[in-house]
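Here the structure is laid out as structure tokens; the discussion comes afterwards.
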Amino acid sequence: MSTVGHTKRKTPAAIAAMKGTRPIVSLTAYTTPIARLLDPHCDLLLVGDSLGMVLYGMETTVGVTMEMMIAHGQAVMRGAKHACIIVDLPFGSYQESKEQAFRNAARILKETGCDGVKLEGGEEMAETVSFLTSRGVPVFGHVGLMPQQVNTTGGYRSLGRSDKEASKIRHDAKAISEAGAFAMVIEGTIEPLAREITAAVAIPTIGIGASAACDGQILVSDDMLGLFNDFKPRFVKHFAELAPLVSKAAEAYAEEVKARTFPAIEHTFQPKK
């Protein structure tokens, strides 16, 4: 029986092999239509637990569930043909034990068909990363600012300014790399430290609020498109301003509905002659 796969999407191994080559292009995606639009331009699409804030109006990512991640992972998979698709393990789904992490990672892989999972954490998660990767689960790491830990770290802020913080992030990155992750996000970390870590670890680093020297970059797609305007972090650049266009379109639609000019005759079904 043939075991040859038919996917043309980039694999985690292909992403890992991009270390030191051209920069890796990454964005978040949560829905099929957006995945279809982003996929041709990206090496990696992350179904991030940031969907809790972007799509569901949560204040943090802590309330995101496995069911939410699986549903959105399935949606993105329907729209992606090119990019490597990674799904976040949500808060509480992997921290208890390496066995819990494997059960939930395996569930996400089975139910979505994605290419790997992402988890946050450094030295304390290295054993879990090793456990997963040795059992066939590709792991995308995440060090520096960890949104799932904002309740214990004092909120969203840049890290690495003190010697203690910088040392911890260095050790975290080394531990995750050596544990077998195929790549890692470095988030909210001062530029010289992110640059140093990128040169020191063997796997690609994907920066967000880090350094242009990272092996790739990622942004939340709604931030990049100018759709999510609750706040704008320093590291975000709006490559479009779609929020005003959406509002203007809704205003025009409302005016035509109230004036009974929409639907016009060409937008309705008529009896056959």
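Here's how to read the names in the structure tokens: chain A, B, ... by the order shown, residue numbers from 1 in each chain, ligand numbers from 1 in the order shown.
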inquiry  = If DSSP is run on the backbone, what residues of region 16-238 of chain A are strand (DSSP E)? A reply as a ChimeraX atom specification would be ideal.
reply    = /A:24-28,44-47,84-88,116-118,139-144,183-187,205-208,216-219
Would you mind exporting N, CA, C and O atoms of the selected residues as a short mmCIF file (atom, residue, chain, number, x, y, z; two decimals), in the first residue's frame?
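Writing done, so here's part_23.cif:
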data_model
loop_
_atom_site.label_atom_id
_atom_site.label_comp_id
_atom_site.auth_asym_id
_atom_site.auth_seq_id
_atom_site.Cartn_x
_atom_site.Cartn_y
_atom_site.Cartn_z
N ILE A 24 11.38 33.92 6.39
CA ILE A 24 10.16 33.12 6.40
C ILE A 24 8.97 34.05 6.61
O ILE A 24 8.94 34.83 7.57
N VAL A 25 7.99 33.99 5.73
CA VAL A 25 6.81 34.86 5.79
C VAL A 25 5.69 34.13 6.51
O VAL A 25 5.23 33.07 6.06
N SER A 26 5.23 34.70 7.62
CA SER A 26 4.19 34.07 8.42
C SER A 26 3.11 35.09 8.80
O SER A 26 3.41 36.27 9.03
N LEU A 27 1.87 34.63 8.86
CA LEU A 27 0.74 35.43 9.34
C LEU A 27 -0.21 34.51 10.09
O LEU A 27 -0.17 33.28 9.93
N THR A 28 -1.10 35.09 10.88
CA THR A 28 -2.16 34.29 11.48
C THR A 28 -3.32 34.19 10.52
O THR A 28 -3.53 35.07 9.66
N LEU A 44 4.16 30.05 6.18
CA LEU A 44 3.54 29.45 7.36
C LEU A 44 2.32 30.28 7.77
O LEU A 44 2.40 31.51 7.84
N LEU A 45 1.20 29.60 8.03
CA LEU A 45 0.02 30.24 8.59
C LEU A 45 -0.22 29.66 9.97
O LEU A 45 -0.27 28.44 10.13
N LEU A 46 -0.36 30.53 10.94
CA LEU A 46 -0.59 30.12 12.33
C LEU A 46 -2.04 30.36 12.71
O LEU A 46 -2.53 31.49 12.63
N VAL A 47 -2.73 29.29 13.10
CA VAL A 47 -4.06 29.44 13.69
C VAL A 47 -3.80 29.74 15.16
O VAL A 47 -3.67 28.85 16.00
N CYS A 84 2.59 26.02 5.34
CA CYS A 84 2.60 25.11 6.49
C CYS A 84 1.59 25.63 7.50
O CYS A 84 1.61 26.82 7.85
N ILE A 85 0.69 24.77 7.99
CA ILE A 85 -0.37 25.20 8.90
C ILE A 85 -0.08 24.68 10.31
O ILE A 85 0.00 23.47 10.54
N ILE A 86 0.03 25.61 11.24
CA ILE A 86 0.31 25.30 12.64
C ILE A 86 -0.85 25.81 13.50
O ILE A 86 -1.35 26.92 13.28
N VAL A 87 -1.26 25.01 14.48
CA VAL A 87 -2.37 25.38 15.35
C VAL A 87 -1.86 25.50 16.79
O VAL A 87 -1.14 24.62 17.28
N ASP A 88 -2.25 26.58 17.46
CA ASP A 88 -1.86 26.79 18.85
C ASP A 88 -2.53 25.77 19.78
O ASP A 88 -3.74 25.49 19.64
N GLY A 116 1.37 20.82 12.44
CA GLY A 116 2.06 20.84 13.72
C GLY A 116 1.32 21.72 14.70
O GLY A 116 0.31 22.34 14.37
N VAL A 117 1.84 21.77 15.93
CA VAL A 117 1.22 22.58 16.98
C VAL A 117 2.24 23.54 17.55
O VAL A 117 3.45 23.33 17.46
N LYS A 118 1.73 24.63 18.15
CA LYS A 118 2.61 25.59 18.83
C LYS A 118 2.26 25.63 20.30
O LYS A 118 1.09 25.56 20.67
N VAL A 139 6.63 20.47 16.64
CA VAL A 139 6.35 21.53 17.62
C VAL A 139 7.01 22.84 17.20
O VAL A 139 8.20 22.89 16.89
N PHE A 140 6.21 23.89 17.22
CA PHE A 140 6.64 25.26 16.99
C PHE A 140 6.71 25.91 18.36
O PHE A 140 5.70 26.00 19.07
N GLY A 141 7.89 26.35 18.78
CA GLY A 141 8.06 26.92 20.11
C GLY A 141 7.70 28.39 20.18
O GLY A 141 7.41 29.04 19.16
N HIS A 142 7.73 28.94 21.38
CA HIS A 142 7.37 30.36 21.59
C HIS A 142 8.03 30.82 22.88
O HIS A 142 7.69 30.35 23.96
N VAL A 143 8.98 31.76 22.76
CA VAL A 143 9.69 32.30 23.93
C VAL A 143 9.60 33.82 23.93
O VAL A 143 9.09 34.44 23.01
N GLY A 144 10.11 34.40 25.01
CA GLY A 144 10.00 35.85 25.18
C GLY A 144 8.69 36.18 25.86
O GLY A 144 8.31 35.54 26.85
N ALA A 183 11.00 25.23 14.86
CA ALA A 183 11.16 26.68 14.78
C ALA A 183 10.59 27.27 16.05
O ALA A 183 9.97 26.55 16.86
N MET A 184 10.80 28.57 16.26
CA MET A 184 10.23 29.21 17.44
C MET A 184 9.90 30.67 17.17
O MET A 184 10.59 31.34 16.39
N VAL A 185 8.84 31.12 17.81
CA VAL A 185 8.50 32.54 17.84
C VAL A 185 9.32 33.20 18.94
O VAL A 185 9.46 32.64 20.04
N ILE A 186 9.87 34.38 18.65
CA ILE A 186 10.42 35.25 19.69
C ILE A 186 9.54 36.48 19.72
O ILE A 186 9.47 37.23 18.75
N GLU A 187 8.83 36.68 20.84
CA GLU A 187 7.87 37.78 20.90
C GLU A 187 8.26 38.82 21.95
O GLU A 187 8.74 38.48 23.03
N THR A 205 14.07 31.35 13.86
CA THR A 205 13.34 32.21 14.78
C THR A 205 12.37 33.07 13.96
O THR A 205 12.75 33.61 12.92
N ILE A 206 11.15 33.19 14.46
CA ILE A 206 10.13 34.00 13.80
C ILE A 206 9.80 35.15 14.74
O ILE A 206 9.29 34.94 15.83
N GLY A 207 10.11 36.35 14.34
CA GLY A 207 9.97 37.49 15.22
C GLY A 207 8.61 38.15 15.16
O GLY A 207 7.99 38.23 14.11
N ILE A 208 8.17 38.63 16.32
CA ILE A 208 7.03 39.55 16.41
C ILE A 208 7.36 40.50 17.56
O ILE A 208 7.46 40.09 18.71
N GLY A 216 12.49 34.95 10.25
CA GLY A 216 11.20 35.25 9.64
C GLY A 216 10.42 36.20 10.52
O GLY A 216 10.88 36.59 11.60
N GLN A 217 9.24 36.57 10.05
CA GLN A 217 8.39 37.49 10.80
C GLN A 217 6.96 36.97 10.78
O GLN A 217 6.53 36.29 9.84
N ILE A 218 6.20 37.33 11.83
CA ILE A 218 4.77 37.02 11.88
C ILE A 218 4.03 38.21 12.46
O ILE A 218 4.58 38.94 13.32
N LEU A 219 2.84 38.46 11.97
CA LEU A 219 1.91 39.43 12.54
C LEU A 219 0.53 38.80 12.60
O LEU A 219 0.22 37.88 11.83
#
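Once region 51-60 of chain A and its same-chain neighbours fewer than 5 positions away are set aside, Thr28, Ala29, Tyr30, Thr65, Met68, Met69, His72, Pro147, Gln148, Gln149, Val150, Asn151, Gly155, Val220, Ser221, Asp222, Asp223, Leu227, Phe228, Asn229 and Asp230 of chain A remain within 10 Å of it when counting only C-alpha atoms.
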Expected answer as number ranges by chain: alpha helix (DSSP H) residues in region 98-199 of chain A: A: 98-112, 126-133, 150-153, 163-179, 191-199
Show me, as a list of chain:residue names, the residues that have an atom within 7 Å of Ala16 (chain A) when counting only C-alpha atoms, minus same-chain residues fewer than 2 positions from it.
A:Pro12, A:Ala13, A:Ala14, A:Met18, A:Lys19, A:Phe182, A:Ala183, A:Ile203, A:Pro204
Export of the given selection (N, CA and C atoms) as an mmCIF file, in the first residue's frame:
data_model
loop_
_atom_site.group_PDB
_atom_site.id
_atom_site.type_symbol
_atom_site.label_atom_id
_atom_site.label_comp_id
_atom_site.auth_asym_id
_atom_site.auth_seq_id
_atom_site.Cartn_x
_atom_site.Cartn_y
_atom_site.Cartn_z
ATOM 1 N N PRO A 12 6.868 21.208 8.233
ATOM 2 C CA PRO A 12 7.749 21.737 9.273
ATOM 3 C C PRO A 12 9.219 21.539 8.954
ATOM 4 N N ALA A 13 9.568 20.400 8.352
ATOM 5 C CA ALA A 13 10.971 20.163 7.980
ATOM 6 C C ALA A 13 11.441 21.178 6.950
ATOM 7 N N ALA A 14 10.549 21.542 6.013
ATOM 8 C CA ALA A 14 10.909 22.540 5.005
ATOM 9 C C ALA A 14 11.102 23.914 5.644
ATOM 10 N N MET A 18 14.796 26.381 6.142
ATOM 11 C CA MET A 18 14.928 27.757 5.680
ATOM 12 C C MET A 18 15.811 28.612 6.590
ATOM 13 N N LYS A 19 16.289 28.033 7.691
ATOM 14 C CA LYS A 19 17.201 28.752 8.582
ATOM 15 C C LYS A 19 18.390 29.296 7.791
ATOM 16 N N PHE A 182 10.884 22.633 15.628
ATOM 17 C CA PHE A 182 11.381 22.897 14.271
ATOM 18 C C PHE A 182 11.594 24.384 14.021
ATOM 19 N N ALA A 183 10.998 25.227 14.865
ATOM 20 C CA ALA A 183 11.162 26.681 14.778
ATOM 21 C C ALA A 183 10.593 27.271 16.052
ATOM 22 N N ILE A 203 17.635 26.471 15.001
ATOM 23 C CA ILE A 203 16.345 26.446 14.312
ATOM 24 C C ILE A 203 15.911 27.868 13.955
ATOM 25 N N PRO A 204 15.000 28.008 12.990
ATOM 26 C CA PRO A 204 14.544 29.349 12.619
ATOM 27 C C PRO A 204 13.824 30.062 13.760
#
inquiry  = So that I can check the surroundings of Glu99 (chain A), please list as a ChimeraX atom specification every protein, DNA and RNA residue that reaches within 12 Å of it, counting only C-alpha atoms and ignoring chain neighbours fewer than 5 positions away.
reply    = /A:93-94,104-106,127-132,135
Convert the current residue selection to file output with N, CA, C and O atoms, as an mmCIF file, in the first residue's frame.
data_model
loop_
_atom_site.group_PDB
_atom_site.id
_atom_site.type_symbol
_atom_site.label_atom_id
_atom_site.label_comp_id
_atom_site.auth_asym_id
_atom_site.auth_seq_id
_atom_site.Cartn_x
_atom_site.Cartn_y
_atom_site.Cartn_z
ATOM 1 N N SER A 93 -4.108 23.248 28.078
ATOM 2 C CA SER A 93 -4.214 22.000 27.317
ATOM 3 C C SER A 93 -2.905 21.223 27.271
ATOM 4 O O SER A 93 -2.877 20.110 26.743
ATOM 5 N N TYR A 94 -1.817 21.789 27.836
ATOM 6 C CA TYR A 94 -0.518 21.115 27.738
ATOM 7 C C TYR A 94 0.388 21.322 28.940
ATOM 8 O O TYR A 94 1.380 20.614 29.107
ATOM 9 N N ASN A 104 -3.667 16.129 23.638
ATOM 10 C CA ASN A 104 -4.323 17.266 22.989
ATOM 11 C C ASN A 104 -3.675 17.627 21.659
ATOM 12 O O ASN A 104 -4.365 18.016 20.709
ATOM 13 N N ALA A 105 -2.350 17.498 21.574
ATOM 14 C CA ALA A 105 -1.673 17.743 20.289
ATOM 15 C C ALA A 105 -2.126 16.717 19.259
ATOM 16 O O ALA A 105 -2.408 17.061 18.098
ATOM 17 N N ALA A 106 -2.213 15.445 19.672
ATOM 18 C CA ALA A 106 -2.656 14.395 18.750
ATOM 19 C C ALA A 106 -4.087 14.651 18.296
ATOM 20 O O ALA A 106 -4.430 14.437 17.124
ATOM 21 N N GLU A 127 11.070 19.395 28.273
ATOM 22 C CA GLU A 127 10.785 17.961 28.360
ATOM 23 C C GLU A 127 9.522 17.614 27.569
ATOM 24 O O GLU A 127 9.464 16.580 26.897
ATOM 25 N N THR A 128 8.521 18.477 27.650
ATOM 26 C CA THR A 128 7.281 18.248 26.902
ATOM 27 C C THR A 128 7.533 18.313 25.406
ATOM 28 O O THR A 128 7.029 17.476 24.641
ATOM 29 N N VAL A 129 8.295 19.302 24.963
ATOM 30 C CA VAL A 129 8.618 19.418 23.533
ATOM 31 C C VAL A 129 9.336 18.158 23.053
ATOM 32 O O VAL A 129 9.011 17.605 21.992
ATOM 33 N N SER A 130 10.295 17.680 23.824
ATOM 34 C CA SER A 130 11.025 16.468 23.465
ATOM 35 C C SER A 130 10.092 15.261 23.405
ATOM 36 O O SER A 130 10.176 14.426 22.493
ATOM 37 N N PHE A 131 9.188 15.163 24.366
ATOM 38 C CA PHE A 131 8.219 14.061 24.417
ATOM 39 C C PHE A 131 7.339 14.069 23.170
ATOM 40 O O PHE A 131 7.082 13.018 22.565
ATOM 41 N N LEU A 132 6.884 15.251 22.774
ATOM 42 C CA LEU A 132 6.012 15.354 21.603
ATOM 43 C C LEU A 132 6.766 15.039 20.319
ATOM 44 O O LEU A 132 6.297 14.260 19.483
ATOM 45 N N ARG A 135 7.546 11.555 19.458
ATOM 46 C CA ARG A 135 6.357 10.756 19.156
ATOM 47 C C ARG A 135 5.629 11.262 17.914
ATOM 48 O O ARG A 135 4.446 10.979 17.716
#
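Interatomic distance, CA of Pro33 (chain A) against CA of Val64 (chain A): 21.5 Å.
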**Asked** Neighbours of Pro192 (chain A) within 10 Å (only C-alpha atoms; same-chain residues fewer than 3 positions away dropped), as a PyMOL selection string?
**Response** chain A and resi 160-161+189+195-198+210-211+213
For the residues in the current selection, export N, CA and C atoms as an mmCIF file, in the first residue's frame.
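Okay, selection.cif is ready:
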data_model
loop_
_atom_site.group_PDB
_atom_site.id
_atom_site.type_symbol
_atom_site.label_atom_id
_atom_site.label_comp_id
_atom_site.auth_asym_id
_atom_site.auth_seq_id
_atom_site.Cartn_x
_atom_site.Cartn_y
_atom_site.Cartn_z
ATOM 1 N N GLY A 160 13.578 41.517 28.284
ATOM 2 C CA GLY A 160 14.998 41.348 28.005
ATOM 3 C C GLY A 160 15.848 42.546 28.348
ATOM 4 N N ARG A 161 15.241 43.542 28.975
ATOM 5 C CA ARG A 161 16.015 44.751 29.297
ATOM 6 C C ARG A 161 16.944 44.536 30.490
ATOM 7 N N THR A 189 10.563 41.037 22.505
ATOM 8 C CA THR A 189 11.911 40.968 23.076
ATOM 9 C C THR A 189 12.778 42.057 22.452
ATOM 10 N N ARG A 195 18.240 39.305 18.052
ATOM 11 C CA ARG A 195 19.285 39.115 17.047
ATOM 12 C C ARG A 195 20.319 38.095 17.543
ATOM 13 N N GLU A 196 20.722 38.232 18.791
ATOM 14 C CA GLU A 196 21.715 37.323 19.376
ATOM 15 C C GLU A 196 21.194 35.884 19.408
ATOM 16 N N ILE A 197 19.939 35.706 19.833
ATOM 17 C CA ILE A 197 19.353 34.364 19.923
ATOM 18 C C ILE A 197 19.248 33.726 18.544
ATOM 19 N N THR A 198 18.869 34.526 17.555
ATOM 20 C CA THR A 198 18.747 34.011 16.190
ATOM 21 C C THR A 198 20.070 33.440 15.702
ATOM 22 N N ALA A 210 10.362 41.843 17.702
ATOM 23 C CA ALA A 210 11.691 41.336 18.036
ATOM 24 C C ALA A 210 12.749 42.014 17.170
ATOM 25 N N SER A 211 13.170 41.371 16.071
ATOM 26 C CA SER A 211 14.255 41.917 15.261
ATOM 27 C C SER A 211 14.082 41.539 13.799
ATOM 28 N N ALA A 213 16.475 40.792 12.090
ATOM 29 C CA ALA A 213 17.484 39.752 11.898
ATOM 30 C C ALA A 213 16.937 38.359 12.151
#
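Considering the residues A:Gln74, A:His171, A:Asp215, A:His41 and counting only C-alpha atoms, Leu109 (chain A) has its shortest atom-to-atom contact with A:Gln74.
If you look at CA of Ala173 (chain A) and CA of Leu119 (chain A), they are 12.9 Å away from each other.
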